[in-house]
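Visitor: Okay, so here is protein17.cif, and as you'll see once you scroll down, it has mmCIF, C-alpha atoms.
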data_data
#
loop_
_atom_site.label_atom_id
_atom_site.label_comp_id
_atom_site.auth_asym_id
_atom_site.auth_seq_id
_atom_site.Cartn_x
_atom_site.Cartn_y
_atom_site.Cartn_z
CA MET W 1 -4.99 58.74 -31.78
CA LYS W 2 -7.69 57.43 -29.50
CA LEU W 3 -8.17 54.38 -31.75
CA ARG W 4 -4.41 53.71 -31.86
CA GLY W 5 -4.20 53.94 -28.06
CA LEU W 6 -7.11 51.58 -27.68
CA ARG W 7 -5.42 49.08 -29.99
CA ARG W 8 -2.23 49.26 -27.94
CA ALA W 9 -4.16 48.71 -24.71
CA VAL W 10 -5.97 45.73 -26.18
CA ALA W 11 -2.70 44.26 -27.46
CA ALA W 12 -1.02 44.70 -24.08
CA ALA W 13 -3.95 43.08 -22.32
CA ALA W 14 -3.84 40.20 -24.79
CA VAL W 15 -0.14 39.62 -24.06
CA ILE W 16 -0.80 39.61 -20.31
CA LEU W 17 -3.71 37.19 -20.70
CA PHE W 18 -1.61 34.96 -22.97
CA LEU W 19 1.25 34.83 -20.48
CA GLU W 20 -1.04 34.26 -17.52
CA GLY W 21 -3.11 31.72 -19.39
CA GLY W 22 -0.02 29.92 -20.69
CA ALA W 23 1.47 29.72 -17.23
CA ALA W 24 -1.81 28.51 -15.80
CA GLY W 25 -2.23 25.97 -18.57
CA THR W 26 1.16 24.38 -18.08
CA ALA W 27 1.62 24.66 -14.32
CA ARG W 28 1.55 21.23 -12.74
CA GLY W 29 -1.30 20.82 -10.35
CA GLU W 30 -3.85 23.01 -12.12
CA GLU W 31 -5.59 19.95 -13.38
CA LYS W 32 -8.02 19.82 -16.24
CA GLU W 33 -9.97 16.56 -16.44
CA PRO W 34 -9.56 14.75 -19.78
CA GLU W 35 -12.53 15.16 -22.10
CA LEU W 36 -12.98 11.85 -23.86
CA TYR W 37 -15.20 10.28 -26.49
CA ALA W 38 -14.54 6.75 -25.19
CA GLN W 39 -17.24 5.16 -23.06
CA ALA W 40 -14.54 3.48 -20.95
CA ALA W 41 -10.91 4.48 -20.62
CA VAL W 42 -7.78 4.04 -18.52
CA LEU W 43 -4.42 5.75 -18.20
CA MET W 44 -1.98 3.39 -16.46
CA ASP W 45 1.53 3.81 -15.11
CA GLY W 46 3.40 1.13 -17.02
CA ASP W 47 6.06 0.81 -14.33
CA SER W 48 3.81 0.10 -11.36
CA GLY W 49 0.52 -0.87 -13.01
CA ARG W 50 -1.27 1.84 -11.02
CA ILE W 51 -4.29 3.43 -12.72
CA LEU W 52 -3.66 7.16 -12.95
CA TYR W 53 -7.00 8.01 -14.55
CA GLY W 54 -10.11 5.97 -15.16
CA LYS W 55 -13.49 6.45 -16.79
CA ASN W 56 -15.87 3.53 -16.29
CA GLU W 57 -12.65 1.53 -16.06
CA LYS W 58 -14.34 -1.56 -14.58
CA GLU W 59 -17.27 -1.63 -16.98
CA ARG W 60 -17.30 -4.80 -19.10
CA ARG W 61 -17.43 -4.11 -22.82
CA PRO W 62 -16.53 -5.91 -26.07
CA MET W 63 -12.96 -5.14 -27.15
CA ALA W 64 -12.82 -6.20 -30.81
CA SER W 65 -9.32 -6.73 -32.23
CA THR W 66 -7.46 -5.41 -29.21
CA THR W 67 -8.03 -9.07 -28.27
CA LYS W 68 -5.14 -9.89 -30.57
CA ILE W 69 -2.50 -8.65 -28.13
CA MET W 70 -3.34 -11.69 -26.00
CA THR W 71 -3.38 -13.95 -29.06
CA CYS W 72 0.03 -12.67 -30.09
CA ILE W 73 1.73 -12.93 -26.71
CA LEU W 74 0.46 -16.48 -26.12
CA ALA W 75 1.66 -17.52 -29.57
CA LEU W 76 5.09 -16.06 -28.84
CA GLU W 77 5.28 -17.78 -25.46
CA ASN W 78 4.01 -21.18 -26.61
CA GLY W 79 5.16 -21.41 -30.22
CA GLU W 80 8.35 -21.09 -32.24
CA PRO W 81 8.95 -18.65 -35.13
CA GLU W 82 9.54 -21.49 -37.60
CA ASP W 83 6.44 -23.45 -36.59
CA VAL W 84 4.26 -24.20 -39.62
CA ALA W 85 0.67 -22.98 -39.49
CA GLU W 86 -1.79 -24.39 -42.02
CA PHE W 87 -4.98 -22.53 -42.87
CA SER W 88 -7.96 -24.72 -42.04
CA SER W 89 -11.40 -24.35 -43.57
CA LEU W 90 -12.46 -22.61 -40.34
CA ALA W 91 -9.65 -20.08 -40.67
CA ALA W 92 -10.33 -19.50 -44.37
CA SER W 93 -14.02 -18.85 -43.65
CA GLN W 94 -13.46 -15.94 -41.25
CA PRO W 95 -14.98 -12.59 -42.21
CA GLU W 96 -13.11 -9.45 -43.18
CA VAL W 97 -10.51 -8.21 -42.38
CA ARG W 98 -8.64 -11.24 -43.83
CA LEU W 99 -5.28 -12.32 -45.20
CA GLY W 100 -7.31 -14.25 -47.75
CA ALA W 101 -5.30 -17.47 -47.92
CA PRO W 102 -7.23 -20.57 -49.00
CA ALA W 103 -7.59 -23.68 -46.84
CA GLY W 104 -4.48 -25.85 -46.96
CA ARG W 105 -2.00 -23.01 -47.45
CA LYS W 106 0.94 -23.11 -45.04
CA PHE W 107 2.95 -20.30 -43.44
CA TYR W 108 5.63 -19.78 -40.85
CA LEU W 109 4.14 -18.66 -37.55
CA LYS W 110 6.48 -15.63 -37.43
CA ASP W 111 4.94 -14.28 -40.67
CA LEU W 112 1.38 -14.81 -39.52
CA LEU W 113 2.06 -12.85 -36.31
CA LEU W 114 2.92 -9.84 -38.47
CA SER W 115 -0.32 -10.36 -40.39
CA LEU W 116 -2.16 -10.62 -37.06
CA MET W 117 -0.81 -7.42 -35.51
CA LEU W 118 -0.19 -5.13 -38.46
CA GLU W 119 -3.29 -5.78 -40.56
CA SER W 120 -5.43 -7.39 -37.82
CA HIS W 121 -6.44 -10.30 -40.06
CA ASN W 122 -9.23 -12.39 -38.54
CA ASP W 123 -8.43 -15.56 -40.50
CA THR W 124 -4.81 -15.35 -39.39
CA ALA W 125 -5.87 -15.27 -35.73
CA VAL W 126 -7.66 -18.60 -36.14
CA ALA W 127 -4.70 -20.12 -38.00
CA VAL W 128 -2.35 -18.96 -35.23
CA ALA W 129 -4.60 -20.41 -32.52
CA GLU W 130 -4.82 -23.78 -34.29
CA CYS W 131 -1.07 -23.85 -34.88
CA VAL W 132 -0.21 -23.19 -31.23
CA SER W 133 -2.89 -25.28 -29.49
CA GLY W 134 -4.39 -27.60 -32.08
CA SER W 135 -7.82 -25.99 -31.91
CA VAL W 136 -9.43 -22.63 -31.31
CA GLU W 137 -11.24 -23.97 -28.23
CA VAL W 138 -8.03 -25.06 -26.49
CA PHE W 139 -6.27 -21.81 -27.39
CA VAL W 140 -9.14 -19.68 -26.08
CA HIS W 141 -9.02 -21.68 -22.86
CA LYS W 142 -5.36 -20.68 -22.55
CA MET W 143 -6.31 -17.06 -23.17
CA ASN W 144 -8.74 -17.16 -20.27
CA GLU W 145 -6.23 -18.94 -18.05
CA LYS W 146 -3.67 -16.21 -18.75
CA ALA W 147 -6.24 -13.48 -18.06
CA GLU W 148 -7.00 -15.07 -14.69
CA GLU W 149 -3.27 -15.39 -13.95
CA LEU W 150 -2.83 -11.65 -14.61
CA GLY W 151 -5.68 -10.76 -12.26
CA CYS W 152 -8.03 -9.79 -15.09
CA GLY W 153 -11.15 -11.25 -13.54
CA ASP W 154 -13.51 -9.15 -15.65
CA THR W 155 -12.11 -10.45 -18.95
CA TRP W 156 -13.61 -13.33 -20.91
CA PHE W 157 -12.32 -14.48 -24.30
CA VAL W 158 -14.54 -16.36 -26.74
CA THR W 159 -12.56 -15.87 -29.97
CA PRO W 160 -8.86 -15.32 -30.73
CA ASN W 161 -9.60 -12.52 -33.19
CA GLY W 162 -12.01 -10.38 -31.17
CA LEU W 163 -15.18 -11.07 -33.14
CA ASP W 164 -18.22 -10.92 -30.89
CA GLY W 165 -19.36 -14.17 -29.31
CA VAL W 166 -20.75 -15.86 -26.21
CA SER W 167 -19.59 -19.00 -24.39
CA ARG W 168 -20.01 -20.68 -21.03
CA ASP W 169 -17.43 -20.37 -18.28
CA GLY W 170 -16.45 -23.11 -15.82
CA SER W 171 -19.58 -22.56 -13.75
CA GLY W 172 -21.86 -22.89 -16.78
CA ARG W 173 -22.66 -19.19 -16.92
CA GLU W 174 -22.91 -17.60 -20.36
CA ARG W 175 -20.44 -14.77 -20.83
CA PRO W 176 -19.86 -12.51 -23.84
CA HIS W 177 -16.45 -11.79 -25.32
CA SER W 178 -15.51 -8.76 -23.21
CA THR W 179 -13.03 -6.98 -20.99
CA THR W 180 -12.66 -3.74 -19.09
CA ALA W 181 -10.39 -0.80 -19.83
CA ALA W 182 -8.49 -1.62 -16.64
CA ASP W 183 -7.97 -5.26 -17.63
CA LEU W 184 -7.00 -4.38 -21.19
CA ALA W 185 -4.30 -2.02 -19.90
CA ARG W 186 -3.04 -4.74 -17.54
CA ILE W 187 -2.76 -7.21 -20.43
CA MET W 188 -0.81 -4.67 -22.49
CA ARG W 189 1.50 -4.03 -19.54
CA TYR W 190 2.18 -7.75 -19.33
CA CYS W 191 2.94 -7.93 -23.05
CA LEU W 192 5.41 -5.04 -22.90
CA TYR W 193 7.09 -5.38 -19.51
CA GLU W 194 6.52 -8.78 -17.92
CA SER W 195 6.23 -11.50 -20.55
CA PRO W 196 9.36 -13.52 -21.40
CA ALA W 197 8.45 -12.74 -25.03
CA ARG W 198 8.15 -8.98 -24.49
CA GLU W 199 11.01 -8.07 -26.84
CA GLU W 200 9.55 -10.13 -29.68
CA PHE W 201 6.11 -8.60 -29.06
CA LEU W 202 7.56 -5.09 -29.22
CA GLU W 203 9.48 -5.85 -32.41
CA ILE W 204 6.35 -7.14 -34.14
CA THR W 205 4.09 -4.27 -33.10
CA ARG W 206 6.68 -1.65 -34.13
CA THR W 207 7.21 -3.09 -37.61
CA GLY W 208 6.10 -0.57 -40.22
CA SER W 209 5.48 -2.95 -43.10
CA CYS W 210 6.49 -6.39 -44.33
CA SER W 211 6.09 -8.89 -47.14
CA PHE W 212 6.14 -12.69 -47.04
CA SER W 213 5.08 -15.77 -48.97
CA ASP W 214 3.53 -19.07 -48.03
CA LEU W 215 5.88 -22.06 -47.76
CA GLU W 216 5.11 -23.29 -51.28
CA LYS W 217 5.48 -19.81 -52.80
CA LYS W 218 1.96 -19.90 -54.21
CA GLY W 219 1.16 -16.40 -53.04
CA SER W 220 2.83 -13.25 -51.78
CA TYR W 221 1.39 -11.05 -49.05
CA SER W 222 2.09 -7.53 -47.85
CA CYS W 223 1.18 -5.95 -44.53
CA VAL W 224 1.20 -2.34 -43.34
CA ASN W 225 0.97 -1.28 -39.71
CA HIS W 226 -2.28 0.66 -39.13
CA ASN W 227 -1.28 1.93 -35.69
CA ALA W 228 -1.17 5.66 -36.47
CA PHE W 229 -0.16 6.41 -32.88
CA LEU W 230 3.39 5.22 -33.61
CA SER W 231 4.02 8.39 -35.65
CA MET W 232 1.66 10.64 -33.71
CA MET W 233 3.63 11.32 -30.52
CA ASP W 234 7.30 11.27 -29.55
CA GLY W 235 8.00 8.15 -27.53
CA ALA W 236 5.07 6.15 -28.91
CA LEU W 237 5.97 2.53 -28.21
CA SER W 238 3.30 0.06 -29.29
CA GLY W 239 -0.42 -0.42 -29.72
CA LYS W 240 -3.36 -2.25 -31.27
CA THR W 241 -6.58 -1.01 -32.82
CA GLY W 242 -9.96 -2.75 -32.90
CA PHE W 243 -13.46 -2.39 -34.32
CA THR W 244 -16.71 -4.31 -34.55
CA GLY W 245 -20.22 -3.00 -34.88
CA GLY W 246 -20.97 -4.00 -31.32
CA ALA W 247 -17.72 -2.81 -29.75
CA GLY W 248 -17.19 0.39 -31.68
CA TYR W 249 -13.62 1.58 -32.03
CA SER W 250 -11.17 0.42 -29.38
CA TYR W 251 -7.47 0.97 -28.82
CA VAL W 252 -4.67 0.09 -26.45
CA GLY W 253 -1.27 1.75 -26.74
CA ALA W 254 1.87 2.65 -24.83
CA LEU W 255 4.34 5.51 -24.69
CA GLU W 256 7.69 6.09 -23.01
CA ARG W 257 8.92 9.65 -22.53
CA ASP W 258 10.68 11.72 -19.87
CA GLY W 259 11.35 8.57 -17.87
CA LYS W 260 7.63 7.74 -17.73
CA SER W 261 5.88 4.67 -19.10
CA LEU W 262 2.21 5.25 -19.89
CA ILE W 263 -0.47 2.87 -21.19
CA VAL W 264 -3.85 3.94 -22.55
CA ALA W 265 -6.84 1.63 -23.07
CA LEU W 266 -10.05 2.80 -24.77
CA LEU W 267 -13.33 0.93 -25.28
CA GLY W 268 -16.41 2.13 -27.16
CA CYS W 269 -14.50 5.09 -28.58
CA GLY W 270 -17.00 6.14 -31.22
CA TRP W 271 -18.60 4.44 -34.21
CA PRO W 272 -18.31 5.19 -37.95
CA PRO W 273 -17.57 7.70 -39.29
CA HIS W 274 -15.63 8.77 -36.16
CA LYS W 275 -12.55 6.64 -36.68
CA GLU W 276 -10.30 9.44 -35.45
CA TYR W 277 -11.79 9.65 -31.95
CA LYS W 278 -9.46 6.95 -30.62
CA TRP W 279 -6.42 8.98 -31.67
CA SER W 280 -7.61 12.21 -30.06
CA ASP W 281 -8.51 10.36 -26.85
CA THR W 282 -5.14 8.62 -26.79
CA ARG W 283 -3.30 11.90 -27.20
CA GLU W 284 -5.49 13.55 -24.56
CA LEU W 285 -4.73 10.88 -21.97
CA MET W 286 -1.02 10.61 -22.79
CA GLU W 287 -0.57 14.38 -22.52
CA TYR W 288 -2.52 14.37 -19.28
CA GLY W 289 -0.12 11.81 -17.86
CA LEU W 290 2.96 13.65 -19.11
CA ASP W 291 1.77 17.06 -17.86
CA GLN W 292 0.20 16.17 -14.52
CA TYR W 293 2.44 13.42 -13.14
CA GLU W 294 6.05 13.54 -11.98
CA TYR W 295 8.19 11.00 -10.17
CA GLU W 296 8.70 11.76 -6.49
CA ASP W 297 10.87 9.86 -4.04
CA VAL W 298 8.56 8.94 -1.15
CA TRP W 299 10.96 6.64 0.70
CA GLN W 300 10.93 7.06 4.47
CA GLU W 301 13.74 5.83 6.68
CA ARG W 302 12.29 3.97 9.66
CA SER W 303 13.59 2.38 12.82
CA PHE W 304 11.81 -0.38 14.71
CA SER W 305 11.70 -1.46 18.31
CA PRO W 306 12.85 -5.01 19.01
CA VAL W 307 10.04 -7.57 18.87
CA LEU W 308 9.23 -9.87 21.80
CA VAL W 309 10.07 -13.50 21.11
CA GLU W 310 7.82 -15.99 22.88
CA ASN W 311 9.71 -18.83 24.56
CA GLY W 312 12.96 -17.38 23.29
CA VAL W 313 16.37 -17.38 24.93
CA PRO W 314 17.28 -13.85 26.11
CA GLU W 315 20.57 -12.50 24.81
CA SER W 316 21.90 -12.45 28.38
CA GLY W 317 20.84 -16.05 28.97
CA ASP W 318 18.92 -14.92 32.06
CA LEU W 319 15.44 -16.47 31.85
CA SER W 320 14.06 -13.75 34.10
CA GLU W 321 14.46 -11.36 31.17
CA GLU W 322 12.44 -11.16 27.94
CA ALA W 323 13.87 -12.35 24.66
CA ARG W 324 13.64 -9.84 21.85
CA ALA W 325 14.67 -9.82 18.19
CA GLU W 326 16.13 -6.81 16.40
CA ILE W 327 14.25 -6.07 13.16
CA SER W 328 14.74 -3.81 10.14
CA ILE W 329 13.74 -3.40 6.50
CA ALA W 330 14.98 -6.47 4.64
CA PRO W 331 18.40 -5.91 3.06
CA GLY W 332 18.04 -4.65 -0.52
CA ALA W 333 14.31 -3.92 -0.18
CA GLY W 334 13.68 -0.51 -1.70
CA GLU W 335 17.39 0.27 -1.45
CA GLY W 336 16.57 3.57 0.22
CA GLU W 337 14.57 4.93 -2.73
CA LEU W 338 10.97 4.66 -3.87
CA LYS W 339 9.92 6.81 -6.82
CA ILE W 340 6.22 7.00 -7.62
CA LEU W 341 4.32 8.99 -10.25
CA LEU W 342 2.26 11.56 -8.38
CA LYS W 343 0.08 14.53 -9.18
CA GLU W 344 0.63 17.68 -7.22
CA GLY W 345 -1.21 17.39 -3.92
CA GLU W 346 -1.19 13.59 -3.82
CA LYS W 347 0.26 12.24 -0.60
CA VAL W 348 1.51 8.74 0.09
CA SER W 349 0.83 7.33 3.55
CA VAL W 350 3.30 4.94 5.18
CA GLU W 351 2.37 2.38 7.82
CA TYR W 352 4.15 -0.45 9.56
CA GLU W 353 1.99 -3.56 9.73
CA GLY W 354 3.94 -5.69 12.16
CA VAL W 355 3.42 -8.59 14.50
CA LYS W 356 3.32 -8.03 18.26
CA SER W 357 5.57 -11.00 18.89
CA LEU W 358 7.41 -13.86 17.22
CA LYS W 359 7.59 -17.47 18.29
CA ALA W 360 10.99 -19.01 18.95
CA PRO W 361 13.10 -20.15 17.31
CA VAL W 362 13.73 -17.06 15.15
CA SER W 363 16.21 -17.13 12.27
CA GLU W 364 17.79 -14.17 10.57
CA GLY W 365 15.52 -13.07 7.71
CA ASP W 366 12.26 -14.29 9.29
CA GLU W 367 9.50 -11.83 8.43
CA ALA W 368 8.11 -9.72 11.28
CA GLY W 369 5.82 -7.45 9.27
CA ARG W 370 5.75 -5.09 6.32
CA VAL W 371 6.08 -1.39 5.65
CA VAL W 372 3.19 -0.44 3.38
CA TYR W 373 3.03 2.63 1.16
CA SER W 374 -0.51 3.50 0.07
CA LEU W 375 -2.22 6.17 -1.98
CA ASN W 376 -5.96 6.81 -1.85
CA GLY W 377 -6.41 3.52 -0.01
CA GLU W 378 -4.51 1.51 -2.65
CA THR W 379 -1.19 -0.16 -1.84
CA VAL W 380 1.50 1.14 -4.18
CA ALA W 381 4.49 -0.58 -2.58
CA SER W 382 5.35 -2.74 0.42
CA PHE W 383 8.62 -4.00 1.88
CA PRO W 384 9.25 -6.84 4.34
CA VAL W 385 10.60 -6.16 7.82
CA THR W 386 12.80 -9.05 8.94
CA ALA W 387 14.81 -10.27 11.92
CA ARG W 388 18.44 -9.10 11.92
CA GLY W 389 19.66 -12.04 13.98
CA SER W 390 18.55 -15.32 15.48
CA VAL W 391 16.91 -16.19 18.79
CA ALA W 392 17.04 -19.75 20.09
CA GLU W 393 14.07 -21.54 21.61
CA ILE W 394 13.96 -22.51 25.25
CA THR W 395 13.82 -26.30 25.12
CA MET W 396 14.41 -29.06 27.65
CA ARG W 397 17.79 -29.68 26.09
CA TRP W 398 18.73 -26.01 26.30
CA CYS W 399 17.71 -25.95 29.98
CA LEU W 400 19.79 -29.05 30.75
CA GLU W 401 22.81 -27.66 28.96
CA ASP W 402 22.39 -24.33 30.73
CA VAL W 403 22.20 -26.02 34.15
CA LEU W 404 25.21 -28.23 33.42
CA GLU W 405 27.23 -25.30 32.17
CA LYS W 406 26.45 -23.21 35.21
CA TYR W 407 27.10 -26.17 37.59
CA PHE W 408 30.41 -26.91 35.88
CA LEU W 409 31.49 -23.30 36.17
CA ARG W 410 30.56 -23.19 39.87
CA SER W 411 32.33 -26.47 40.60
CA ARG W 412 35.55 -25.19 39.04
CA THR W 413 35.49 -22.05 41.09
#
Would you kindly transcribe this structure into structure tokens?

Guide:
Amino acid sequence: MKLRGLRRAVAAAAVILFLEGGAAGTARGEEKEPELYAQAAVLMDGDSGRILYGKNEKERRPMASTTKIMTCILALENGEPEDVAEFSSLAASQPEVRLGAPAGRKFYLKDLLLSLMLESHNDTAVAVAECVSGSVEVFVHKMNEKAEELGCGDTWFVTPNGLDGVSRDGSGRERPHSTTAADLARIMRYCLYESPAREEFLEITRTGSCSFSDLEKKGSYSCVNHNAFLSMMDGALSGKTGFTGGAGYSYVGALERDGKSLIVALLGCGWPPHKEYKWSDTRELMEYGLDQYEYEDVWQERSFSPVLVENGVPESGDLSEEARAEISIAPGAGEGELKILLKEGEKVSVEYEGVKSLKAPVSEGDEAGRVVYSLNGETVASFPVTARGSVAEITMRWCLEDVLEKYFLRSRT
């Protein structure tokens, strides 16, 4: 009897601990830091581009075949699906992983982009670059231009396929083929949400498998998508793997679920035989984002005092008074709602950064400042504050007309 009673007590205690532990484990706000294998990692809000979690996120590292997301998006933006790409001797000489086509074989660009993104073929990347820009050097220059345009100042491309390399930048400095987890996530965000070719990019990276032939039907080729993340989590959207001996395993992927858009970028995420580390890290970060962050409406209604207008005509027309312009949030800006992904306890600060005065003449819509929403010192949104009407400038002509008008009125009375 004593043993049975002890068992019951232990079982009851276990139930209580399970319930308490379960509640504690799922309650938003009781944060557990992600435990990652990756040497550098980022979790990004795909909607705003804000970094929700970072580990050495600004550390420059080689990125292997995750490079190919930039190769693909530039090819989509600058080429046409039916463009003909011919394998050069340079393309045919690329190391594994390869499509294996000999020099002189021709393909449609649309087929090679599937080879590029599904199988990560290194020879295909060179053929794509030469098709779009005429040479690898010109194409890589475009890759670096696009990186700079996206604000990815810590990214430097040397090859279109992600193989390690070094080249000189515009200042003559030698730079290795590298990026940061933060920049890699930004590039993926551009590919999925900002590029005019975003729909085509998504279609390619979500293709499960495909087969195609060269234009002369001399060979047939099959490709299978190696992005295991697509079937690993509900809402998995896109992604690209990478590996070289110097870079280790890398990955960049995206997920959409519960109204949230999340992007994960991983660099240096293990070396052989730990191929699975990138998948566990991706799941860890995606679940962290889903569990810890919720959208909150942080919009604040604000009213503003009229702004002094230097050398402006007062509304009354009496020059002994000051001219002032009524101001407000620009029509349509924010539309009375601003939803931001926040962890429990995070607070957004709101400040009005306005001018002390405006110079006449003032037209309706002229900017008088901005309302800035910031979190942890980083601006997450800002909206212009503009004049709601116009204020004329006091000029010699205005003064003459004012005098004549007043004289005429007096003379008539």

Visitor: Please determine, counting all atoms listed in the file, which residue among W:Ser65, W:Ser211, W:Ser390, W:Ser363 has the shortest atom-to-atom distance to Phe157 in chain W.

Guide: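 The closest residue to Phe157 in chain W is W:Ser65.
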
Visitor: Would you mind telling me which residue in W:Glu393, W:Ser209, W:Glu337, W:Ala64 lies nearest to Leu358 in chain W when using only C-alpha atoms?

Guide: W:Glu393

Visitor: Here's the selection I'm unsure about, the PyMOL selection byres ((chain W and resi 220) around 12); applied to the file above, which residues does it give, as a ChimeraX atom specification?

Guide: /W:99-101,105,107,111,210-219,221-223

Visitor: When the PyMOL selection byres ((chain W and resi 79-91) around 7) is applied to the file above, which residues end up in the set, as a PyMOL selection string?

Guide: chain W and resi 75-78+92-94+102-110+123-124+126-128+131-132

Visitor: Quick one: which residues end up in the PyMOL selection byres ((chain W and resi 180) around 8) for this structure, as number ranges by chain?

Guide: W: 40, 57-61, 154-155, 178-179, 181-184, 267

Visitor: How many Å separate CA of Tyr249 in chain W from CA of Glu199 in chain W?

Guide: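 Interatomic distance here is 27.0 Å.
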